[in-house]
Amino acid sequence: MNRILFESGEVADDGLVSLCDGRARHIREVLRAEPGARLRVGVLDGPCGSALVERSDGATVTLRCVWEPDAEEEGGVLDLILALPRPKVLKRLWAPLASFGLRRLTLVNAARVERNYFDTHWIEAAHYRPLLIEGLQQAGLTQLPVVRVARLLRPFMEDECGAPAPDEIRLTGHPGAAERLRAGPWPRDARVALAIGPEGGWTAFELDLLAARGFRAVSFGAQILRSDVACIAALALMRDRMG
């Protein structure tokens, strides 16, 4: 936990906040922060800052927060369209996905997605939101990605995805694609949308849908990767190119 995060409204107007949950235990037992120590903090979907540990009494830790001036978003904008993986895979993906600083995450259906995957509780905000927060705290970020579940791929692509902005880069990973993603930086303010398909890849029809909305099929290497591995590897490549 590299940044302690608070819900909106937890911090008083004078900057004081008292914690008695897992965050307090982490401060005491993992960070071993005594009164006078300074920690990195933030408000979900709000500012970053630092906090002075004022008191640590038993199970309660009291902090006084100071917020930093608003800063422009760094590293560009990164959106992900992900064919819904198996529930146990999705569970372990939530925190890592948040740590990449996604702006939007859309979980979509596809021909090779099992229909019962949409019955999982891991697509419900009450279950995935704590995992997103865990990923943000690890990465030191505050902005929760906007999560959307699209049960029908074609209407989502045709009616909601829209045309790419003039400066937007849209890519989809596909084994055997003629184009290989090459090294080299993009502008720091790049806008990138990445689509990752299911186990077995996108069908030809789905690739045509993506192409119609400006997604270029690219290969990330000769190896055939599982969808969760491909997703994390691709996002790491994207963030590296975005500086």
# chains A, B, ... in the order shown; residues from 1 in each chain; ligands from 1
$ residues_around --residues "A:Ala190" --least-positions-apart "5" --cutoff "9 Å" --atoms "only C-alpha atoms" --output "ChimeraX atom specification"
/A:75-78,167-169,242
$ write_last_selection --atoms "N, CA and C atoms" --output "PDB file, in the first residue's frame"
ATOM      1  N   GLY A  75       1.126  10.825 -18.279  1.00  0.00           N
ATOM      2  CA  GLY A  75       1.195   9.530 -18.925  1.00  0.00           C
ATOM      3  C   GLY A  75       0.097   9.256 -19.932  1.00  0.00           C
ATOM      4  N   GLY A  76      -0.685  10.236 -20.313  1.00  0.00           N
ATOM      5  CA  GLY A  76      -1.704  10.038 -21.322  1.00  0.00           C
ATOM      6  C   GLY A  76      -2.915   9.298 -20.797  1.00  0.00           C
ATOM      7  N   VAL A  77      -3.840   9.003 -21.691  1.00  0.00           N
ATOM      8  CA  VAL A  77      -5.103   8.354 -21.345  1.00  0.00           C
ATOM      9  C   VAL A  77      -5.098   6.950 -21.928  1.00  0.00           C
ATOM     10  N   LEU A  78      -5.435   5.976 -21.110  1.00  0.00           N
ATOM     11  CA  LEU A  78      -5.410   4.580 -21.533  1.00  0.00           C
ATOM     12  C   LEU A  78      -6.753   3.933 -21.214  1.00  0.00           C
ATOM     13  N   ASP A 167      -6.281  12.190 -32.724  1.00  0.00           N
ATOM     14  CA  ASP A 167      -4.983  11.859 -32.138  1.00  0.00           C
ATOM     15  C   ASP A 167      -5.020  10.563 -31.325  1.00  0.00           C
ATOM     16  N   GLU A 168      -6.085   9.780 -31.484  1.00  0.00           N
ATOM     17  CA  GLU A 168      -6.229   8.570 -30.680  1.00  0.00           C
ATOM     18  C   GLU A 168      -5.616   7.367 -31.392  1.00  0.00           C
ATOM     19  N   ILE A 169      -4.953   6.523 -30.619  1.00  0.00           N
ATOM     20  CA  ILE A 169      -4.365   5.282 -31.131  1.00  0.00           C
ATOM     21  C   ILE A 169      -5.223   4.123 -30.640  1.00  0.00           C
ATOM     22  N   MET A 242       3.955   5.110 -23.553  1.00  0.00           N
ATOM     23  CA  MET A 242       3.343   6.392 -23.212  1.00  0.00           C
ATOM     24  C   MET A 242       4.189   7.180 -22.219  1.00  0.00           C
TER      25      MET A 242
END
$ select_by_dssp --residues "stretch 31-224 of chain A" --states "strand (DSSP E)" --output "VMD selection string"
chain A and resid 38 to 43 48 to 57 60 to 67 77 to 83 104 to 108 146 to 150 168 to 173 179 to 180 191 to 196 216 to 219
$ write_last_selection --atoms "C-alpha atoms" --output "PDB file, in the first residue's frame"
ATOM      1  CA  ARG A  38       4.553  11.433   7.027  1.00  0.00           C
ATOM      2  CA  LEU A  39       2.596   9.240   4.605  1.00  0.00           C
ATOM      3  CA  ARG A  40       1.361   9.495   1.021  1.00  0.00           C
ATOM      4  CA  VAL A  41      -2.429   9.800   0.913  1.00  0.00           C
ATOM      5  CA  GLY A  42      -5.220  10.599  -1.502  1.00  0.00           C
ATOM      6  CA  VAL A  43      -8.974  10.814  -1.959  1.00  0.00           C
ATOM      7  CA  CYS A  48      -3.221  13.453  -3.757  1.00  0.00           C
ATOM      8  CA  GLY A  49      -1.310  14.717  -0.764  1.00  0.00           C
ATOM      9  CA  SER A  50       0.597  13.811   2.353  1.00  0.00           C
ATOM     10  CA  ALA A  51      -0.487  13.155   5.914  1.00  0.00           C
ATOM     11  CA  LEU A  52       1.214  13.560   9.270  1.00  0.00           C
ATOM     12  CA  VAL A  53       0.553  10.794  11.793  1.00  0.00           C
ATOM     13  CA  GLU A  54      -0.746  12.732  14.807  1.00  0.00           C
ATOM     14  CA  ARG A  55      -1.799   9.854  17.050  1.00  0.00           C
ATOM     15  CA  SER A  56      -1.663   6.074  17.092  1.00  0.00           C
ATOM     16  CA  ASP A  57      -3.798   4.880  20.001  1.00  0.00           C
ATOM     17  CA  THR A  60      -7.019   3.964  15.853  1.00  0.00           C
ATOM     18  CA  VAL A  61      -4.621   6.065  13.807  1.00  0.00           C
ATOM     19  CA  THR A  62      -5.273   9.788  13.391  1.00  0.00           C
ATOM     20  CA  LEU A  63      -3.819  11.646  10.403  1.00  0.00           C
ATOM     21  CA  ARG A  64      -3.716  15.294   9.360  1.00  0.00           C
ATOM     22  CA  CYS A  65      -3.790  15.657   5.583  1.00  0.00           C
ATOM     23  CA  VAL A  66      -2.439  18.366   3.297  1.00  0.00           C
ATOM     24  CA  TRP A  67      -3.483  18.263  -0.358  1.00  0.00           C
ATOM     25  CA  VAL A  77      -5.103   8.354 -21.345  1.00  0.00           C
ATOM     26  CA  LEU A  78      -5.410   4.580 -21.533  1.00  0.00           C
ATOM     27  CA  ASP A  79      -8.689   2.722 -22.106  1.00  0.00           C
ATOM     28  CA  LEU A  80      -9.151  -1.055 -22.174  1.00  0.00           C
ATOM     29  CA  ILE A  81     -11.786  -3.199 -23.854  1.00  0.00           C
ATOM     30  CA  LEU A  82     -11.486  -6.715 -22.471  1.00  0.00           C
ATOM     31  CA  ALA A  83     -13.438  -9.798 -23.495  1.00  0.00           C
ATOM     32  CA  ARG A 104     -12.107   3.318 -18.725  1.00  0.00           C
ATOM     33  CA  LEU A 105     -12.498  -0.455 -18.622  1.00  0.00           C
ATOM     34  CA  THR A 106     -15.195  -2.111 -20.713  1.00  0.00           C
ATOM     35  CA  LEU A 107     -15.886  -5.826 -20.279  1.00  0.00           C
ATOM     36  CA  VAL A 108     -17.454  -7.186 -23.444  1.00  0.00           C
ATOM     37  CA  VAL A 146     -15.007   3.874 -15.143  1.00  0.00           C
ATOM     38  CA  VAL A 147     -16.212   0.274 -15.528  1.00  0.00           C
ATOM     39  CA  ARG A 148     -18.790  -0.763 -18.125  1.00  0.00           C
ATOM     40  CA  VAL A 149     -20.165  -4.253 -18.859  1.00  0.00           C
ATOM     41  CA  ALA A 150     -21.388  -4.733 -22.439  1.00  0.00           C
ATOM     42  CA  GLU A 168      -6.229   8.570 -30.680  1.00  0.00           C
ATOM     43  CA  ILE A 169      -4.365   5.282 -31.131  1.00  0.00           C
ATOM     44  CA  ARG A 170      -6.530   2.159 -31.206  1.00  0.00           C
ATOM     45  CA  LEU A 171      -4.993  -1.318 -31.147  1.00  0.00           C
ATOM     46  CA  THR A 172      -6.176  -4.858 -30.628  1.00  0.00           C
ATOM     47  CA  GLY A 173      -3.910  -7.734 -29.781  1.00  0.00           C
ATOM     48  CA  GLU A 179       1.784  -5.900 -37.835  1.00  0.00           C
ATOM     49  CA  ARG A 180       4.117  -6.258 -34.864  1.00  0.00           C
ATOM     50  CA  ARG A 191      -4.765   8.701 -26.046  1.00  0.00           C
ATOM     51  CA  VAL A 192      -4.647   4.931 -26.430  1.00  0.00           C
ATOM     52  CA  ALA A 193      -7.453   2.358 -26.537  1.00  0.00           C
ATOM     53  CA  LEU A 194      -6.517  -1.309 -26.358  1.00  0.00           C
ATOM     54  CA  ALA A 195      -8.821  -4.279 -27.045  1.00  0.00           C
ATOM     55  CA  ILE A 196      -7.904  -7.750 -25.777  1.00  0.00           C
ATOM     56  CA  ARG A 216      -5.459  -2.043 -35.780  1.00  0.00           C
ATOM     57  CA  ALA A 217      -4.661  -5.691 -35.140  1.00  0.00           C
ATOM     58  CA  VAL A 218      -1.112  -6.075 -33.816  1.00  0.00           C
ATOM     59  CA  SER A 219       0.983  -8.939 -32.530  1.00  0.00           C
TER      60      SER A 219
END
$ residues_around --residues "A:Gly22" --least-positions-apart "5" --cutoff "10 Å" --atoms "only C-alpha atoms" --output "JSON, numbers by chain"
{"A": [27, 28, 59]}
$ residues_around --residues "stretch 113-123 of chain A" --least-positions-apart "5" --cutoff "7 Å" --atoms "only C-alpha atoms" --output "PyMOL selection string"
chain A and resi 84+86-87+91+128+198
$ write_last_selection --atoms "C-alpha atoms" --output "PDB file, in the first residue's frame"
ATOM      1  CA  LEU A  84     -14.864 -11.106 -20.229  1.00  0.00           C
ATOM      2  CA  ARG A  86     -13.300 -16.625 -16.522  1.00  0.00           C
ATOM      3  CA  PRO A  87     -14.566 -15.391 -13.132  1.00  0.00           C
ATOM      4  CA  LYS A  91     -11.055 -11.597  -9.774  1.00  0.00           C
ATOM      5  CA  TYR A 128     -14.744  -5.434  -7.692  1.00  0.00           C
ATOM      6  CA  PRO A 198     -10.883 -13.997 -25.147  1.00  0.00           C
TER       7      PRO A 198
END
$ residues_around --residues "A:Gly58" --least-positions-apart "6" --cutoff "10 Å" --atoms "only C-alpha atoms" --output "list in words"
Cys20, Ala24, Arg25 and Arg28 of chain A
$ write_last_selection --atoms "C-alpha atoms" --output "short mmCIF file (atom, residue, chain, number, x, y, z; two decimals), in the first residue's frame"
data_model
loop_
_atom_site.label_atom_id
_atom_site.label_comp_id
_atom_site.auth_asym_id
_atom_site.auth_seq_id
_atom_site.Cartn_x
_atom_site.Cartn_y
_atom_site.Cartn_z
CA CYS A 20 -9.60 2.03 12.67
CA ALA A 24 -4.86 1.65 10.33
CA ARG A 25 -3.41 -1.84 10.75
CA ARG A 28 0.89 0.46 12.35
#
$ closest_residue --among "A:Ala126, A:Leu237, A:Leu131, A:Ala178" --to "A:Trp94" --atoms "only C-alpha atoms"
A:Leu131
$ closest_residue --among "A:Gly214, A:Gly9, A:Gly140, A:Gly176" --to "A:Ala163" --atoms "only C-alpha atoms"
A:Gly214
$ closest_residue --among "A:Leu93, A:Ile133, A:Leu102, A:Leu210" --to "A:Phe6" --atoms "only C-alpha atoms"
A:Ile133
$ closest_residue --among "A:Leu235, A:Leu97, A:Leu31, A:Ala111" --to "A:Leu132" --atoms "only C-alpha atoms"
A:Leu97
$ select_by_dssp --residues "stretch 61-128 of chain A" --states "helix (DSSP H, G or I)" --output "MDAnalysis selection string"
chainID A and resid 87:99 115:119 121:123 125:128
$ closest_residue --among "A:Glu206, A:Glu199, A:Glu29, A:Glu7" --to "A:Arg154" --atoms "only C-alpha atoms"
A:Glu206
$ atom_distance --atom1 "atom CA of A:Met1" --atom2 "atom CA of A:Pro96"
13.1 Å
